[in-house]
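Chemist: Got a structure for you, run-v4.cif, holding mmCIF, C-alpha atoms.
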data_work
#
loop_
_atom_site.label_atom_id
_atom_site.label_comp_id
_atom_site.auth_asym_id
_atom_site.auth_seq_id
_atom_site.Cartn_x
_atom_site.Cartn_y
_atom_site.Cartn_z
CA MET A 1430 -4.09 -58.02 -6.73
CA GLN A 1431 -0.37 -58.81 -7.11
CA SER A 1432 -0.32 -57.35 -10.63
CA LYS A 1433 -2.02 -54.25 -9.29
CA LYS A 1434 0.68 -53.90 -6.66
CA ARG A 1435 3.40 -54.37 -9.26
CA GLN A 1436 1.82 -51.55 -11.27
CA ALA A 1437 1.82 -49.39 -8.16
CA GLU A 1438 5.62 -49.45 -7.86
CA ASN A 1439 6.34 -46.69 -5.32
CA LYS A 1440 2.75 -45.51 -5.04
CA GLU A 1441 0.92 -45.78 -1.73
CA LEU A 1442 -1.72 -48.50 -1.48
CA ALA A 1443 -5.07 -47.35 -0.13
CA LEU A 1444 -8.28 -48.68 1.40
CA LEU A 1445 -11.43 -46.61 0.89
CA VAL A 1446 -14.09 -46.38 3.61
CA ALA A 1447 -17.60 -45.00 3.19
CA VAL A 1448 -20.55 -44.79 5.58
CA GLN A 1449 -24.01 -45.27 4.09
CA LEU A 1450 -26.76 -43.57 6.08
CA SER A 1451 -30.47 -44.31 5.64
CA ASP A 1452 -31.01 -41.38 3.26
CA CYS A 1453 -28.34 -42.62 0.81
CA SER A 1454 -29.14 -45.32 -1.75
CA ASP A 1455 -26.79 -48.14 -2.82
CA ASP A 1456 -26.30 -46.47 -6.22
CA GLN A 1457 -25.50 -43.09 -4.65
CA ILE A 1458 -22.88 -44.48 -2.27
CA GLN A 1459 -21.28 -46.46 -5.09
CA VAL A 1460 -21.03 -43.33 -7.24
CA GLN A 1461 -19.38 -41.49 -4.34
CA LEU A 1462 -16.87 -44.31 -3.89
CA ASP A 1463 -16.09 -44.37 -7.61
CA GLU A 1464 -15.40 -40.65 -7.41
CA LEU A 1465 -13.26 -41.10 -4.29
CA GLU A 1466 -11.24 -43.76 -6.13
CA LEU A 1467 -10.62 -41.31 -8.98
CA LEU A 1468 -9.51 -38.69 -6.45
CA ALA A 1469 -7.13 -41.19 -4.81
CA GLU A 1470 -5.65 -42.15 -8.18
CA THR A 1471 -5.23 -38.48 -9.09
CA ALA A 1472 -3.34 -37.99 -5.81
CA GLY A 1473 -1.03 -40.86 -6.78
CA ALA A 1474 -2.44 -43.71 -4.69
CA VAL A 1475 -3.55 -47.17 -5.80
CA VAL A 1476 -6.88 -48.35 -4.37
CA GLU A 1477 -6.75 -51.98 -3.24
CA ASP A 1478 -10.19 -52.32 -1.68
CA CYS A 1479 -13.36 -50.45 -0.66
CA ILE A 1480 -15.52 -50.86 2.44
CA ILE A 1481 -19.09 -49.62 2.84
CA GLN A 1482 -20.69 -49.64 6.27
CA LYS A 1483 -24.40 -49.02 6.76
CA ARG A 1484 -25.17 -47.04 9.90
CA ALA A 1485 -28.15 -45.26 11.44
CA LYS A 1486 -25.92 -42.35 12.48
CA ILE A 1487 -22.27 -41.27 12.55
CA ASP A 1488 -20.20 -42.25 15.60
CA ALA A 1489 -18.94 -39.04 17.24
CA ALA A 1490 -15.67 -40.59 18.45
CA THR A 1491 -14.49 -42.71 15.50
CA PHE A 1492 -17.03 -41.98 12.71
CA ILE A 1493 -17.79 -45.69 12.15
CA GLY A 1494 -17.46 -47.17 15.64
CA LYS A 1495 -14.36 -48.42 17.49
CA GLY A 1496 -14.95 -52.09 16.67
CA LYS A 1497 -15.33 -51.45 12.95
CA VAL A 1498 -12.27 -49.19 12.93
CA SER A 1499 -10.17 -51.94 14.55
CA SER A 1500 -11.44 -54.44 11.96
CA ILE A 1501 -10.59 -52.10 9.07
CA ILE A 1502 -7.12 -51.40 10.46
CA GLU A 1503 -6.41 -55.14 10.75
CA GLN A 1504 -7.55 -55.65 7.15
CA ALA A 1505 -5.30 -52.78 6.01
CA LYS A 1506 -2.33 -54.27 7.85
CA GLU A 1507 -2.93 -57.71 6.32
CA LEU A 1508 -2.98 -56.13 2.85
CA LYS A 1509 0.14 -54.09 3.74
CA LEU A 1510 -1.58 -50.82 2.90
CA GLN A 1511 -0.22 -47.38 3.76
CA LEU A 1512 -3.45 -45.34 3.55
CA ILE A 1513 -7.04 -45.47 4.77
CA ILE A 1514 -9.16 -42.81 3.06
CA PHE A 1515 -12.63 -41.88 4.35
CA ASN A 1516 -15.31 -40.64 1.96
CA ASP A 1517 -16.41 -37.82 4.30
CA GLU A 1518 -14.70 -35.07 6.24
CA LEU A 1519 -13.70 -36.35 9.68
CA SER A 1520 -13.66 -34.16 12.76
CA PRO A 1521 -10.30 -33.48 14.45
CA THR A 1522 -11.33 -35.82 17.30
CA GLN A 1523 -12.32 -38.63 14.93
CA ILE A 1524 -9.04 -38.46 12.99
CA LYS A 1525 -7.00 -38.36 16.23
CA ASN A 1526 -8.85 -41.36 17.70
CA ILE A 1527 -8.58 -43.45 14.52
CA GLN A 1528 -4.91 -42.55 14.08
CA LYS A 1529 -4.19 -43.69 17.66
CA LEU A 1530 -5.71 -47.10 16.91
CA THR A 1531 -3.40 -47.55 13.90
CA GLY A 1532 -0.32 -46.97 16.05
CA ASP A 1533 0.83 -44.51 13.35
CA SER A 1534 1.63 -47.44 11.02
CA ILE A 1535 -1.08 -46.36 8.55
CA LYS A 1536 -1.99 -42.82 7.49
CA ILE A 1537 -5.60 -41.73 7.98
CA LEU A 1538 -6.94 -39.28 5.41
CA ASP A 1539 -10.41 -37.88 4.86
CA ARG A 1540 -11.96 -36.64 1.62
CA THR A 1541 -11.10 -33.01 2.37
CA GLY A 1542 -7.46 -33.79 3.12
CA LEU A 1543 -7.24 -35.80 -0.10
CA ILE A 1544 -8.65 -32.97 -2.23
CA LEU A 1545 -6.32 -30.47 -0.56
CA ASP A 1546 -3.41 -32.78 -1.39
CA ILE A 1547 -4.43 -32.86 -5.07
CA PHE A 1548 -4.85 -29.08 -5.21
CA ASP A 1549 -1.46 -28.63 -3.54
CA ASN A 1550 0.21 -30.74 -6.25
CA HIS A 1551 -1.57 -28.99 -9.12
CA ALA A 1552 -1.28 -25.33 -8.09
CA ARG A 1553 0.96 -23.35 -10.46
CA SER A 1554 0.28 -19.62 -10.13
CA ARG A 1555 1.06 -17.49 -7.10
CA GLU A 1556 -2.67 -16.97 -6.51
CA ALA A 1557 -3.54 -20.68 -6.61
CA LYS A 1558 -0.61 -21.59 -4.33
CA THR A 1559 -1.67 -18.91 -1.83
CA GLN A 1560 -5.27 -20.10 -1.93
CA ILE A 1561 -4.27 -23.73 -1.35
CA LYS A 1562 -1.89 -22.86 1.47
CA LEU A 1563 -4.63 -20.85 3.17
CA ALA A 1564 -7.18 -23.67 2.87
CA ARG A 1565 -4.66 -26.24 4.11
CA LEU A 1566 -3.73 -24.18 7.19
CA GLU A 1567 -7.40 -23.56 8.04
CA TYR A 1568 -7.98 -27.32 7.74
CA MET A 1569 -4.88 -28.12 9.82
CA LEU A 1570 -5.50 -25.64 12.66
CA PRO A 1571 -8.02 -27.73 14.66
CA ARG A 1572 -6.10 -30.94 13.83
CA LEU A 1573 -2.68 -30.00 15.24
CA THR A 1574 -2.66 -32.87 17.73
CA ARG A 1575 -2.30 -35.36 14.87
CA GLN A 1576 -0.09 -33.26 12.62
CA TRP A 1577 2.72 -32.73 15.14
CA THR A 1578 4.08 -35.90 16.74
CA HIS A 1579 6.04 -34.06 19.41
CA LEU A 1580 2.80 -32.62 20.78
CA GLU A 1581 1.74 -36.07 21.97
CA ARG A 1582 4.66 -36.20 24.40
CA GLN A 1583 2.91 -34.19 27.09
CA MET A 1584 4.17 -34.26 30.65
CA GLY A 1585 1.80 -35.72 33.23
CA GLY A 1586 1.38 -35.60 36.99
CA VAL A 1587 0.94 -32.99 39.65
CA GLY A 1588 2.24 -29.55 38.83
CA THR A 1589 2.46 -30.21 35.09
CA ARG A 1590 -1.07 -29.22 34.09
CA GLY A 1591 -0.73 -26.95 31.06
CA GLY A 1592 2.84 -28.21 30.64
CA PRO A 1593 5.29 -28.07 27.71
CA GLY A 1594 3.09 -30.08 25.33
CA GLU A 1595 0.08 -27.80 25.67
CA THR A 1596 2.31 -24.74 25.50
CA GLN A 1597 3.79 -26.04 22.24
CA ILE A 1598 0.30 -26.58 20.82
CA GLU A 1599 -0.63 -22.98 21.60
CA ILE A 1600 2.62 -21.74 20.03
CA ASP A 1601 1.90 -23.77 16.88
CA ARG A 1602 -1.68 -22.52 16.76
CA ARG A 1603 -0.56 -18.92 17.08
CA LEU A 1604 2.02 -19.41 14.32
CA ILE A 1605 -0.63 -20.88 12.02
CA ARG A 1606 -3.14 -18.11 12.83
CA ASN A 1607 -0.45 -15.53 11.99
CA GLN A 1608 0.22 -17.30 8.68
CA ILE A 1609 -3.51 -17.40 7.90
CA THR A 1610 -3.81 -13.65 8.56
CA LYS A 1611 -0.80 -12.96 6.31
CA LEU A 1612 -2.12 -15.21 3.51
CA LYS A 1613 -5.53 -13.49 3.59
CA LEU A 1614 -3.79 -10.13 3.21
CA ASP A 1615 -1.68 -11.52 0.36
CA LEU A 1616 -4.83 -12.77 -1.39
CA LYS A 1617 -6.45 -9.35 -1.05
CA LYS A 1618 -3.37 -7.76 -2.69
CA ILE A 1619 -3.41 -10.34 -5.50
CA GLN A 1620 -7.14 -9.79 -6.00
CA LYS A 1621 -6.62 -6.01 -6.14
CA GLN A 1622 -3.89 -6.43 -8.77
CA HIS A 1623 -6.15 -8.82 -10.67
CA SER A 1624 -9.01 -6.31 -10.53
CA THR A 1625 -6.74 -3.56 -11.91
CA GLN A 1626 -5.57 -5.84 -14.73
CA THR A 1627 -9.13 -6.75 -15.73
CA GLN A 1628 -10.51 -3.19 -15.71
CA SER A 1629 -9.44 -2.82 -19.33
CA ARG A 1630 -11.69 -5.78 -20.20
CA ASN A 1631 -14.86 -4.23 -18.79
CA SER A 1632 -16.15 -3.25 -22.21
CA ILE A 1633 -15.50 -6.69 -23.74
CA TYR A 1634 -18.07 -9.47 -23.53
CA LYS A 1635 -16.95 -12.10 -20.97
CA ILE A 1636 -17.75 -15.81 -21.02
CA ALA A 1637 -16.85 -18.23 -18.21
CA LEU A 1638 -16.66 -22.01 -18.47
CA VAL A 1639 -17.89 -23.85 -15.39
CA GLY A 1640 -18.42 -27.55 -14.90
CA TYR A 1641 -17.69 -30.70 -13.05
CA THR A 1642 -14.01 -31.55 -13.00
CA ASN A 1643 -12.91 -33.57 -16.05
CA ALA A 1644 -15.95 -32.49 -18.11
CA GLY A 1645 -13.67 -31.23 -20.91
CA LYS A 1646 -13.64 -27.48 -20.21
CA SER A 1647 -9.98 -27.05 -21.15
CA THR A 1648 -10.50 -28.99 -24.40
CA LEU A 1649 -13.49 -26.78 -25.20
CA MET A 1650 -11.43 -23.67 -24.51
CA LYS A 1651 -8.77 -24.90 -26.92
CA SER A 1652 -11.43 -25.67 -29.52
CA LEU A 1653 -13.07 -22.23 -29.25
CA SER A 1654 -9.91 -20.13 -28.96
CA GLY A 1655 -7.49 -22.19 -31.04
CA SER A 1656 -4.76 -21.65 -28.44
CA ASP A 1657 -2.85 -24.26 -26.49
CA VAL A 1658 -4.00 -24.88 -22.93
CA TYR A 1659 -2.97 -27.61 -20.51
CA ILE A 1660 -5.19 -30.67 -20.98
CA GLN A 1661 -4.99 -33.86 -18.90
CA ASP A 1662 -7.54 -36.65 -18.40
CA GLN A 1663 -7.68 -36.46 -14.61
CA LEU A 1664 -9.56 -34.67 -11.84
CA PHE A 1665 -8.50 -31.07 -11.15
CA ALA A 1666 -5.88 -31.06 -13.94
CA THR A 1667 -6.01 -27.25 -13.92
CA LEU A 1668 -6.58 -24.96 -10.93
CA ASP A 1669 -5.55 -21.58 -12.28
CA THR A 1670 -8.02 -19.52 -14.24
CA THR A 1671 -6.99 -19.54 -17.91
CA THR A 1672 -8.12 -16.57 -19.99
CA ARG A 1673 -8.07 -16.18 -23.77
CA LYS A 1674 -9.48 -13.60 -26.18
CA VAL A 1675 -11.63 -15.17 -28.91
CA ASP A 1676 -12.51 -13.35 -32.14
CA LEU A 1677 -15.39 -14.86 -34.13
CA GLY A 1678 -15.34 -12.10 -36.76
CA GLY A 1679 -18.02 -9.59 -37.64
CA GLY A 1680 -17.16 -7.46 -34.63
CA VAL A 1681 -17.92 -10.34 -32.27
CA SER A 1682 -15.14 -11.04 -29.80
CA PHE A 1683 -15.09 -12.06 -26.17
CA ILE A 1684 -12.87 -13.01 -23.25
CA LEU A 1685 -13.14 -16.72 -22.43
CA SER A 1686 -12.19 -17.93 -18.92
CA ASP A 1687 -11.76 -21.52 -17.75
CA THR A 1688 -12.08 -21.98 -13.98
CA VAL A 1689 -11.39 -24.75 -11.47
CA GLY A 1690 -13.65 -27.78 -11.80
CA PHE A 1691 -16.37 -28.59 -9.29
CA ILE A 1692 -16.93 -31.83 -7.41
CA ARG A 1693 -19.27 -33.27 -4.76
CA LYS A 1694 -18.47 -32.30 -1.17
CA LEU A 1695 -15.93 -29.68 -2.25
CA PRO A 1696 -14.34 -28.53 1.06
CA HIS A 1697 -15.83 -25.30 2.40
CA ASP A 1698 -12.40 -23.83 3.18
CA LEU A 1699 -11.36 -24.52 -0.40
CA VAL A 1700 -14.45 -22.85 -1.88
CA ALA A 1701 -13.85 -19.83 0.37
CA SER A 1702 -10.19 -19.62 -0.66
CA PHE A 1703 -11.08 -19.78 -4.35
CA ARG A 1704 -13.63 -16.97 -4.24
CA SER A 1705 -11.22 -14.57 -5.97
CA THR A 1706 -10.51 -17.10 -8.74
CA LEU A 1707 -14.21 -17.79 -9.22
CA SER A 1708 -14.89 -14.05 -9.45
CA GLU A 1709 -14.31 -14.59 -13.18
CA VAL A 1710 -17.63 -16.44 -13.14
CA LYS A 1711 -19.40 -13.72 -11.18
CA ASP A 1712 -18.21 -11.02 -13.61
CA ALA A 1713 -19.13 -13.01 -16.73
CA ASP A 1714 -21.82 -11.89 -19.17
CA LEU A 1715 -22.46 -15.54 -20.07
CA ILE A 1716 -21.80 -18.79 -18.21
CA LEU A 1717 -21.27 -21.98 -20.20
CA ARG A 1718 -22.13 -24.95 -17.98
CA VAL A 1719 -20.06 -27.79 -19.43
CA CYS A 1720 -21.28 -31.35 -18.74
CA ASP A 1721 -19.98 -34.81 -19.65
CA ALA A 1722 -22.52 -36.74 -21.75
CA SER A 1723 -20.66 -40.00 -21.17
CA SER A 1724 -21.08 -39.79 -17.38
CA PRO A 1725 -24.08 -41.67 -15.96
CA GLN A 1726 -24.17 -39.01 -13.22
CA MET A 1727 -24.51 -36.04 -15.57
CA GLN A 1728 -27.76 -34.71 -14.06
CA SER A 1729 -26.25 -35.02 -10.58
CA HIS A 1730 -23.19 -33.10 -11.81
CA ILE A 1731 -25.45 -30.26 -13.01
CA LYS A 1732 -26.94 -30.08 -9.49
CA THR A 1733 -23.43 -29.92 -8.00
CA ILE A 1734 -22.50 -27.06 -10.35
CA ASP A 1735 -25.64 -25.15 -9.34
CA GLN A 1736 -24.99 -25.77 -5.62
CA VAL A 1737 -21.42 -24.46 -5.82
CA LEU A 1738 -22.53 -21.38 -7.78
CA LYS A 1739 -25.28 -20.77 -5.22
CA SER A 1740 -22.77 -21.07 -2.35
CA LEU A 1741 -20.75 -18.32 -4.04
CA ASN A 1742 -23.89 -16.16 -4.43
CA ILE A 1743 -23.62 -16.43 -8.21
CA THR A 1744 -27.02 -16.32 -9.86
CA HIS A 1745 -27.01 -15.87 -13.60
CA GLU A 1746 -29.86 -15.59 -16.06
CA ASN A 1747 -27.42 -15.84 -18.96
CA GLN A 1748 -26.44 -19.50 -18.81
CA LEU A 1749 -26.00 -21.95 -21.64
CA THR A 1750 -25.70 -25.69 -21.00
CA VAL A 1751 -23.09 -27.38 -23.20
CA ILE A 1752 -23.13 -31.17 -23.12
CA ASN A 1753 -19.70 -32.38 -24.17
CA LYS A 1754 -18.19 -35.78 -25.11
CA VAL A 1755 -21.14 -36.96 -27.22
CA ASP A 1756 -18.61 -38.97 -29.25
CA LEU A 1757 -18.24 -41.27 -26.22
CA VAL A 1758 -21.96 -42.13 -26.12
CA ASP A 1759 -22.64 -45.19 -28.30
CA ASP A 1760 -26.22 -45.72 -27.13
CA GLU A 1761 -28.48 -43.70 -29.45
CA ASP A 1762 -31.45 -44.11 -27.10
CA LEU A 1763 -29.40 -42.74 -24.20
CA LEU A 1764 -28.34 -39.73 -26.27
CA ALA A 1765 -31.94 -39.15 -27.36
CA GLY A 1766 -32.99 -39.27 -23.69
CA LEU A 1767 -30.36 -36.70 -22.76
CA LYS A 1768 -31.55 -34.38 -25.51
CA LYS A 1769 -35.16 -34.79 -24.38
CA SER A 1770 -34.33 -34.00 -20.74
CA ASN A 1771 -32.05 -31.08 -21.74
CA PRO A 1772 -33.93 -29.45 -24.65
CA ASP A 1773 -32.10 -26.12 -24.45
CA ALA A 1774 -28.60 -27.63 -24.30
CA ILE A 1775 -26.08 -27.75 -27.13
CA PHE A 1776 -24.53 -31.19 -27.68
CA ILE A 1777 -20.91 -31.18 -28.83
CA SER A 1778 -17.61 -33.02 -28.81
CA ALA A 1779 -14.81 -30.55 -28.13
CA HIS A 1780 -12.22 -33.28 -28.71
CA LYS A 1781 -13.63 -34.21 -32.14
CA SER A 1782 -14.74 -30.61 -32.96
CA LEU A 1783 -18.32 -31.82 -33.49
CA LYS A 1784 -21.03 -29.12 -33.51
CA ILE A 1785 -18.56 -26.45 -32.36
CA ASN A 1786 -19.91 -24.17 -35.09
CA VAL A 1787 -23.42 -24.58 -33.63
CA LEU A 1788 -22.08 -23.47 -30.25
CA LYS A 1789 -20.26 -20.51 -31.83
CA LYS A 1790 -23.45 -19.48 -33.65
CA SER A 1791 -25.39 -19.55 -30.35
CA ILE A 1792 -22.70 -17.48 -28.65
CA VAL A 1793 -22.76 -14.93 -31.50
CA GLY A 1794 -26.55 -14.73 -31.19
CA LEU A 1795 -26.41 -14.14 -27.45
CA ILE A 1796 -23.69 -11.50 -27.79
CA LYS A 1797 -25.51 -9.70 -30.59
CA SER A 1798 -28.76 -9.73 -28.64
CA ASN A 1799 -27.10 -7.11 -26.42
CA PHE A 1800 -25.87 -5.05 -29.36
CA ILE A 1801 -27.36 -1.74 -30.40
CA ARG A 1802 -27.06 -0.04 -33.80
CA LYS A 1803 -25.88 3.48 -34.38
CA SER A 1804 -24.60 5.80 -37.11
CA LEU A 1805 -21.19 7.39 -36.69
CA LYS A 1806 -19.77 10.28 -38.71
CA LEU A 1807 -16.02 10.75 -38.92
CA ARG A 1808 -14.33 13.81 -40.37
CA PHE A 1809 -11.05 13.24 -42.18
CA ASN A 1810 -9.05 14.49 -39.19
CA GLN A 1811 -10.73 11.74 -37.08
CA LEU A 1812 -9.77 8.82 -39.35
CA LYS A 1813 -7.04 7.77 -36.92
CA ASN A 1814 -9.89 6.13 -34.95
CA ILE A 1815 -11.15 4.00 -37.87
CA GLU A 1816 -8.99 1.00 -36.96
CA MET A 1817 -10.33 0.99 -33.39
CA ILE A 1818 -13.92 1.10 -34.67
CA TYR A 1819 -13.39 -1.89 -36.98
CA GLU A 1820 -11.70 -3.80 -34.16
CA ASP A 1821 -14.27 -3.18 -31.41
CA LEU A 1822 -17.53 -2.82 -33.36
CA ASN A 1823 -19.30 -4.60 -36.17
CA VAL A 1824 -19.37 -2.27 -39.21
CA ILE A 1825 -22.58 -3.01 -41.14
CA HIS A 1826 -22.41 -0.28 -43.78
CA ARG A 1827 -19.90 2.38 -44.85
CA ILE A 1828 -20.35 5.46 -47.06
CA ASP A 1829 -17.32 7.53 -48.09
CA LYS A 1830 -18.28 11.19 -48.62
CA TYR A 1831 -16.40 14.32 -49.64
CA ASP A 1832 -16.28 15.59 -46.02
CA GLY A 1833 -15.66 12.34 -44.20
CA ILE A 1834 -17.04 8.84 -43.62
CA GLU A 1835 -20.45 7.65 -42.43
CA LEU A 1836 -20.59 4.28 -40.68
CA GLU A 1837 -23.51 2.20 -39.53
CA VAL A 1838 -22.22 0.06 -36.66
CA GLU A 1839 -23.44 -2.28 -33.95
CA GLY A 1840 -21.91 -3.23 -30.64
CA LYS A 1841 -22.23 -3.08 -26.88
CA SER A 1842 -23.70 0.18 -25.66
CA ASP A 1843 -20.76 0.96 -23.35
CA MET A 1844 -18.26 0.37 -26.17
CA LEU A 1845 -20.28 2.61 -28.51
CA LYS A 1846 -20.37 5.32 -25.86
CA LYS A 1847 -16.61 5.02 -25.31
CA ILE A 1848 -15.88 5.38 -29.05
CA GLU A 1849 -18.31 8.29 -29.43
CA ASN A 1850 -16.53 10.10 -26.59
CA ILE A 1851 -13.18 9.55 -28.31
CA ILE A 1852 -14.23 10.78 -31.77
CA ASN A 1853 -16.20 13.73 -30.37
CA LYS A 1854 -13.29 15.15 -28.38
#
As structure tokens, how would this structure be written, given the file I've shared?

Modeler:
Amino acid sequence: MQSKKRQAENKELALLVAVQLSDCSDDQIQVQLDELELLAETAGAVVEDCIIQKRAKIDAATFIGKGKVSSIIEQAKELKLQLIIFNDELSPTQIKNIQKLTGDSIKILDRTGLILDIFDNHARSREAKTQIKLARLEYMLPRLTRQWTHLERQMGGVGTRGGPGETQIEIDRRLIRNQITKLKLDLKKIQKQHSTQTQSRNSIYKIALVGYTNAGKSTLMKSLSGSDVYIQDQLFATLDTTTRKVDLGGGVSFILSDTVGFIRKLPHDLVASFRSTLSEVKDADLILRVCDASSPQMQSHIKTIDQVLKSLNITHENQLTVINKVDLVDDEDLLAGLKKSNPDAIFISAHKSLKINVLKKSIVGLIKSNFIRKSLKLRFNQLKNIEMIYEDLNVIHRIDKYDGIELEVEGKSDMLKKIENIINK
């Protein structure tokens, strides 16, 4: 433990707390705690210990019961910890009551607050920062009594009902509501600008990468596009949607978008705030569901991906499951089992560039399945459009004649229509 503390240096030391209800197995609660530990480490904390309490139901006042809370706080004080992190979202009342029992010597954080903290640290673009600020304020609004220490100093006694403390709370709430309204308007403006910028891409095939956080989406994007993108082995390394144009030759090109990673119990306010970012997924012609083959919870991760997509009203027939990180699976039987249970998936290693060509071939096949063929005739005075045709369509055959050029091409119907309108002007 001492070596762990030495490694921590200036990092906060944390105790994790999880409640196991009757419908949750030992394995499931352990997986959730492992994930919570990763979240805590991503936020910059060092986890010293974990506590699991089995309960028939959640305590409305303190989540785990006053006696257990007092016991946990004493343990945290003995270990000289600065943080107690709960695996679930706590109500404003629960956080306030637990915080009172600590005497403000230890910070109380729930899973939602922890994830918001991580997102706050990782936001880079104006859109992501606005989304995070909005989610944080909506989370903070009902919890003002614990966020603002001066609010606790309320006057008591006759004639002071609704005194300065309560007035200050209402002022703070109004200020936050005003900020929320402004941020929502800002997001609408950003989304409108984003929509205008992407209108020019409407005719291009669009592919979106979705997946559990840390599944290797950014590495896959780099492997497919050949361009540098930020890659870090941690949860929520990237929050901003990254977009690249990929040209596979033969008239096959597409826009590839990498979106924020998913996770269990992703806060509702956060999902709502990121709707505009995740619109890239909704507008996609193809969704690549990226999974981590080395994770023992891969099938559970797929369910989480589907649940988040469903919560955003995103239902897609065109989905391709890509199981990444096969280079990290040493057990041949395990890999064979994964292939048997996911017969339509493509197994790759984006990091090692294994089977990337197989994935590219599948993408080409799916894109071309929407192509139609057509013959185009260009007179010599229309040859200024030839470069555009070669760039946006796949030219299968060309015949040069005395009065012009005949081309047999294939491509998306809307792109063909656009080019026909241009050359027929």

Chemist: Within 12 Å of (-12.2, 1.6, -36.5) (coordinates as in the file), grab all the protein and nucleic acid residues, counting all atoms listed in the file, and write them out as a list in words.

Modeler: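 Here the neighbourhood of the point contains Gly1680, Leu1805, Lys1806, Leu1807, Gln1811, Leu1812, Lys1813, Asn1814, Ile1815, Glu1816, Met1817, Ile1818, Tyr1819, Glu1820, Asp1821, Leu1822, Asn1823, Val1824, Arg1827, Ile1834, Glu1835, Leu1836, Glu1837, Val1838, Leu1845, Ile1848, Glu1849, Ile1851 and Ile1852 of chain A.
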
Chemist: Written as an mmCIF file with C-alpha atoms, keeping the file's coordinate frame, what is the full residue list that the PyMOL selection byres ((chain A and resi 1456-1464) around 10) yields on the file shown?

Modeler:
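In the end it all went to expr01.cif:
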data_model
loop_
_atom_site.group_PDB
_atom_site.id
_atom_site.type_symbol
_atom_site.label_atom_id
_atom_site.label_comp_id
_atom_site.auth_asym_id
_atom_site.auth_seq_id
_atom_site.Cartn_x
_atom_site.Cartn_y
_atom_site.Cartn_z
ATOM 1 C CA LEU A 1445 -11.430 -46.610 0.890
ATOM 2 C CA VAL A 1446 -14.090 -46.380 3.610
ATOM 3 C CA ALA A 1447 -17.600 -45.000 3.190
ATOM 4 C CA VAL A 1448 -20.550 -44.790 5.580
ATOM 5 C CA GLN A 1449 -24.010 -45.270 4.090
ATOM 6 C CA LEU A 1450 -26.760 -43.570 6.080
ATOM 7 C CA ASP A 1452 -31.010 -41.380 3.260
ATOM 8 C CA CYS A 1453 -28.340 -42.620 0.810
ATOM 9 C CA SER A 1454 -29.140 -45.320 -1.750
ATOM 10 C CA ASP A 1455 -26.790 -48.140 -2.820
ATOM 11 C CA LEU A 1465 -13.260 -41.100 -4.290
ATOM 12 C CA GLU A 1466 -11.240 -43.760 -6.130
ATOM 13 C CA LEU A 1467 -10.620 -41.310 -8.980
ATOM 14 C CA LEU A 1468 -9.510 -38.690 -6.450
ATOM 15 C CA ALA A 1469 -7.130 -41.190 -4.810
ATOM 16 C CA GLU A 1470 -5.650 -42.150 -8.180
ATOM 17 C CA CYS A 1479 -13.360 -50.450 -0.660
ATOM 18 C CA ILE A 1480 -15.520 -50.860 2.440
ATOM 19 C CA ILE A 1481 -19.090 -49.620 2.840
ATOM 20 C CA PHE A 1515 -12.630 -41.880 4.350
ATOM 21 C CA ASN A 1516 -15.310 -40.640 1.960
ATOM 22 C CA ASP A 1517 -16.410 -37.820 4.300
ATOM 23 C CA LEU A 1664 -9.560 -34.670 -11.840
ATOM 24 C CA ILE A 1692 -16.930 -31.830 -7.410
ATOM 25 C CA ARG A 1693 -19.270 -33.270 -4.760
ATOM 26 C CA LYS A 1694 -18.470 -32.300 -1.170
ATOM 27 C CA PRO A 1725 -24.080 -41.670 -15.960
ATOM 28 C CA GLN A 1726 -24.170 -39.010 -13.220
#

Chemist: Could you pull the residues within 6 Å of region 1773-1789 of chain A, counting all atoms listed in the file, minus those fewer than 3 positions along the same chain, as a PyMOL selection string?

Modeler: chain A and resi 1648-1649+1750-1755+1792

Chemist: Go through A:Ser1724, A:Asn1810, A:Gln1736, A:Gln1620 and flag the residue nearest Leu1764 (chain A), using all atoms listed in the file for the distances.

Modeler: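 Residue with the minimum atom-to-atom distance to Leu1764 (chain A): A:Ser1724.
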
Chemist: Please report the interatomic distance between CA of Gly1640 (chain A) and CA of Leu1738 (chain A) in Å with one decimal.

Modeler: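 These two atoms are separated by 10.3 Å.
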
Chemist: So how far away is CA of Leu1570 (chain A) from CA of Glu1441 (chain A), in Å?

Modeler: 25.6 Å

Chemist: Quick one: axis-aligned box around all listed atoms of region 1457-1467 of chain A, 8 Å on every side, centre and edge lengths in Å to one decimal, written as AutoDock Vina command-line options.

Modeler:
--center_x -18.1 --center_y -43.6 --center_z -5.6 --size_x 30.9 --size_y 21.8 --size_z 22.7

Chemist: Mind telling me what the PyMOL selection byres ((chain A and resi 1711-1723) around 9) catches here, as a count of residues only?

Modeler: 51

Chemist: Taking the file above as input, evaluate the PyMOL selection byres ((chain A and resi 1563) around 9) and report the hits as a VMD selection string.

Modeler: chain A and resid 1558 to 1562 1564 to 1568 1608 to 1609 1612 to 1613 1698 to 1699 1702

Chemist: What does the structure give for the distance between CA of Leu1510 (chain A) and CA of Leu1442 (chain A), in Å to one decimal?

Modeler: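 Distance reported for this atom pair: 5.0 Å.
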
Chemist: For Pro1521 (chain A), which residue out of A:Arg1484, A:Lys1506, A:Arg1572, A:Lys1495 is the nearest one, using all atoms listed in the file?

Modeler: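 Between A:Arg1484, A:Lys1506, A:Arg1572, A:Lys1495, the residue approaching Pro1521 (chain A) most closely is A:Arg1572.
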
Chemist: I'd like to know which of A:Ser1804, A:Ser1770, A:Asn1607, A:Ser1534 is closest to Lys1509 (chain A), using only C-alpha atoms.

Modeler: A:Ser1534

Chemist: Looking at only C-alpha atoms, which of A:Gly1494, A:Gly1542, A:Pro1772, A:Pro1571 is the one that sits closest to Arg1603 (chain A)?

Modeler: A:Pro1571
